[in-house]
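Trainee: Before I ask anything, let me first share the structure, which is written out below as structure tokens.
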Amino acid sequence: MYACLNSAQPYAIALFRAAFGLLFAMHGVASLFGVLGGAEGTNGGTIPVGTWPGWYGAVIQLVAGALVLLGLGTRWAALIASGSMAFAYFDVHQKVALWPIQNGGEPSVLFCFGFFLLIFTGSGAFGLDRLFGGRTAGTPRRLPSRP
């Protein structure tokens with residue numbers, strides 16, 4: 001059973017990556033363009049251009065989410081997305097209450113740790129990283145040996 005699960009791992013990571021990136025990008029689209037219900041707390045509106053930190057966070061959500069969805073620059077996009085969600089949690093939610101269940105920060109925490117995982121797993125199967133990286137998913141890079 002473990003061999004079967006291990007052989008399917010790159011495909012499971014790819015499915016997770018694509019769904020996770022799509023959901024994250026949808027948050028950015030909603031906040032920037034007022035679709036899909038709009039930005040949270042605006043009754044279907046958008047976040048004004050250039051406002052800190054909301055507008056910049058929405059741009060990160062859209063761009064990093066799209067890159068993760070495509071599997072292009074997955075590790076770097078996931079690093080930036082994870083950091084932005086950690087910032088969102090501590091800057092916005094932590095001020096309200098200690099625990100995410102109390103302060104409404106569950107999505108920020110889940111996105112933060114989901115993207116943190118993708119930093120280490122990479123894009124999995126079917127990512128565009130594979131076209132440009134010259135490696136297959138799960139193949140570690142070999143470090144040069146020292147004399």
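Chain labels follow the order of the structure tokens: the first chain is A, the next B, and so on; residue numbering restarts at 1 in every chain, and ligands are counted from 1 in their shown order.
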Find the spatial neighbours of Ala66 of chain A, counting only C-alpha atoms, within a cut-off of 10 Å - ignore same-chain residues fewer than 5 positions away - and output them as a PyMOL selection string.
Mentor: chain A and resi 18+20-26+28+60-61+71-72+74+77
Trainee: How about saving the chosen residues, N, CA and C atoms kept, as an mmCIF file, in the first residue's frame?
Mentor:
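Wrote part-v1.cif, looks like this:
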```
data_model
loop_
_atom_site.group_PDB
_atom_site.id
_atom_site.type_symbol
_atom_site.label_atom_id
_atom_site.label_comp_id
_atom_site.auth_asym_id
_atom_site.auth_seq_id
_atom_site.Cartn_x
_atom_site.Cartn_y
_atom_site.Cartn_z
ATOM 1 N N ALA A 18 -2.781 22.916 -7.287
ATOM 2 C CA ALA A 18 -3.690 23.578 -8.219
ATOM 3 C C ALA A 18 -4.935 24.101 -7.504
ATOM 4 N N PHE A 20 -5.296 24.736 -4.273
ATOM 5 C CA PHE A 20 -4.882 25.745 -3.300
ATOM 6 C C PHE A 20 -4.566 27.073 -3.986
ATOM 7 N N GLY A 21 -3.832 27.009 -5.098
ATOM 8 C CA GLY A 21 -3.509 28.222 -5.847
ATOM 9 C C GLY A 21 -4.752 28.890 -6.409
ATOM 10 N N LEU A 22 -5.687 28.099 -6.910
ATOM 11 C CA LEU A 22 -6.930 28.656 -7.442
ATOM 12 C C LEU A 22 -7.718 29.373 -6.354
ATOM 13 N N LEU A 23 -7.877 28.746 -5.201
ATOM 14 C CA LEU A 23 -8.608 29.375 -4.104
ATOM 15 C C LEU A 23 -7.949 30.671 -3.651
ATOM 16 N N PHE A 24 -6.623 30.677 -3.591
ATOM 17 C CA PHE A 24 -5.899 31.877 -3.164
ATOM 18 C C PHE A 24 -6.056 32.989 -4.196
ATOM 19 N N ALA A 25 -5.932 32.643 -5.466
ATOM 20 C CA ALA A 25 -6.090 33.635 -6.533
ATOM 21 C C ALA A 25 -7.501 34.213 -6.547
ATOM 22 N N MET A 26 -8.496 33.402 -6.224
ATOM 23 C CA MET A 26 -9.877 33.884 -6.198
ATOM 24 C C MET A 26 -10.066 34.962 -5.131
ATOM 25 N N GLY A 28 -7.794 37.147 -4.319
ATOM 26 C CA GLY A 28 -7.234 38.344 -4.939
ATOM 27 C C GLY A 28 -8.156 38.935 -5.986
ATOM 28 N N ILE A 60 -0.726 40.191 -4.144
ATOM 29 C CA ILE A 60 0.044 38.979 -3.840
ATOM 30 C C ILE A 60 -0.844 37.750 -3.985
ATOM 31 N N GLN A 61 -2.083 37.839 -3.509
ATOM 32 C CA GLN A 61 -2.996 36.702 -3.624
ATOM 33 C C GLN A 61 -3.240 36.338 -5.081
ATOM 34 N N GLY A 71 1.927 26.094 -11.307
ATOM 35 C CA GLY A 71 3.148 25.372 -10.959
ATOM 36 C C GLY A 71 4.372 26.045 -11.536
ATOM 37 N N LEU A 72 4.357 27.360 -11.605
ATOM 38 C CA LEU A 72 5.463 28.134 -12.171
ATOM 39 C C LEU A 72 6.090 28.969 -11.064
ATOM 40 N N THR A 74 6.838 27.841 -8.202
ATOM 41 C CA THR A 74 5.987 27.431 -7.085
ATOM 42 C C THR A 74 6.613 27.723 -5.733
ATOM 43 N N ALA A 77 6.816 31.568 -5.106
ATOM 44 C CA ALA A 77 5.469 32.124 -4.947
ATOM 45 C C ALA A 77 4.861 31.667 -3.627
#
```
Trainee: Quick one: pick out all alpha helix (DSSP H) residues within chain A from a backbone DSSP run and write them as number ranges by chain.
Mentor: A: 2-33, 54-70, 74-88, 100-103, 106-121, 129-133
Trainee: Separation of atom CA of Val59 of chain A and atom CA of Phe33 of chain A, in Å?
Mentor: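 We find that atom CA of Val59 of chain A and atom CA of Phe33 of chain A lie 10.8 Å from each other.
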Trainee: Can you pull out every residue within 8 Å of Gly124 of chain A, counting only C-alpha atoms, but drop anything in the same chain fewer than 2 positions away, and send it as a PyMOL selection string?
Mentor: chain A and resi 9-14+17+121-122+126-127+137-138
Trainee: Those same residues, written as a compact mmCIF listing (two decimals), in the first residue's frame with all heavy atoms?
Mentor:
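As a result, part10.txt now contains:
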```
# COMPACT_ATOMS: atom_id res chain seq x y z
N GLN A 9 2.26 10.22 -5.01
CA GLN A 9 2.52 11.46 -4.28
C GLN A 9 2.68 12.69 -5.17
O GLN A 9 2.08 13.72 -4.89
CB GLN A 9 3.74 11.28 -3.38
CG GLN A 9 4.00 12.48 -2.49
CD GLN A 9 5.16 12.23 -1.54
OE1 GLN A 9 5.80 11.19 -1.58
NE2 GLN A 9 5.42 13.19 -0.69
N PRO A 10 3.46 12.65 -6.26
CA PRO A 10 3.58 13.85 -7.09
C PRO A 10 2.24 14.32 -7.68
O PRO A 10 2.02 15.51 -7.84
CB PRO A 10 4.54 13.43 -8.21
CG PRO A 10 5.27 12.25 -7.68
CD PRO A 10 4.33 11.58 -6.73
N TYR A 11 1.34 13.37 -7.94
CA TYR A 11 0.04 13.73 -8.50
C TYR A 11 -0.87 14.33 -7.43
O TYR A 11 -1.63 15.26 -7.69
CB TYR A 11 -0.60 12.50 -9.15
CG TYR A 11 0.31 11.89 -10.18
CD1 TYR A 11 1.01 10.72 -9.90
CD2 TYR A 11 0.52 12.51 -11.40
CE1 TYR A 11 1.89 10.18 -10.82
CE2 TYR A 11 1.39 11.97 -12.33
CZ TYR A 11 2.07 10.81 -12.04
OH TYR A 11 2.94 10.28 -12.96
N ALA A 12 -0.79 13.80 -6.21
CA ALA A 12 -1.56 14.36 -5.10
C ALA A 12 -1.08 15.77 -4.78
O ALA A 12 -1.89 16.67 -4.52
CB ALA A 12 -1.45 13.46 -3.88
N ILE A 13 0.23 15.98 -4.80
CA ILE A 13 0.78 17.32 -4.56
C ILE A 13 0.31 18.27 -5.66
O ILE A 13 -0.05 19.43 -5.38
CB ILE A 13 2.31 17.27 -4.48
CG1 ILE A 13 2.75 16.56 -3.19
CG2 ILE A 13 2.91 18.68 -4.53
CD1 ILE A 13 4.23 16.25 -3.12
N ALA A 14 0.30 17.82 -6.89
CA ALA A 14 -0.14 18.67 -8.01
C ALA A 14 -1.60 19.06 -7.86
O ALA A 14 -1.98 20.22 -8.10
CB ALA A 14 0.09 17.96 -9.34
N ARG A 17 -1.77 21.55 -5.00
CA ARG A 17 -1.20 22.83 -5.45
C ARG A 17 -2.17 23.59 -6.33
O ARG A 17 -2.39 24.79 -6.15
CB ARG A 17 0.10 22.57 -6.22
CG ARG A 17 0.65 23.80 -6.90
CD ARG A 17 1.76 23.49 -7.90
NE ARG A 17 1.55 22.39 -8.81
CZ ARG A 17 0.85 22.46 -9.93
NH1 ARG A 17 0.24 23.57 -10.29
NH2 ARG A 17 0.75 21.41 -10.72
N THR A 121 7.68 20.95 -0.84
CA THR A 121 7.32 19.87 -1.76
C THR A 121 7.52 20.25 -3.22
O THR A 121 7.68 19.39 -4.07
CB THR A 121 5.85 19.45 -1.59
OG1 THR A 121 5.00 20.56 -1.90
CG2 THR A 121 5.58 18.96 -0.17
N GLY A 122 7.45 21.54 -3.54
CA GLY A 122 7.52 21.95 -4.93
C GLY A 122 6.19 21.76 -5.62
O GLY A 122 5.16 21.57 -4.99
N PHE A 126 2.92 17.77 -13.26
CA PHE A 126 2.18 18.67 -14.15
C PHE A 126 2.44 20.15 -13.92
O PHE A 126 1.73 20.98 -14.47
CB PHE A 126 0.66 18.41 -14.09
CG PHE A 126 0.28 16.98 -14.25
CD1 PHE A 126 -0.40 16.32 -13.26
CD2 PHE A 126 0.64 16.28 -15.39
CE1 PHE A 126 -0.75 14.99 -13.39
CE2 PHE A 126 0.30 14.95 -15.53
CZ PHE A 126 -0.40 14.31 -14.53
N GLY A 127 3.40 20.52 -13.11
CA GLY A 127 3.71 21.93 -12.92
C GLY A 127 4.61 22.44 -14.03
O GLY A 127 5.43 21.70 -14.58
N ALA A 137 9.59 16.02 -10.59
CA ALA A 137 9.12 16.25 -9.23
C ALA A 137 9.69 15.19 -8.30
O ALA A 137 9.73 14.01 -8.62
CB ALA A 137 7.60 16.22 -9.18
N GLY A 138 10.14 15.63 -7.16
CA GLY A 138 10.64 14.69 -6.16
C GLY A 138 12.10 14.30 -6.35
O GLY A 138 12.63 13.55 -5.57
```
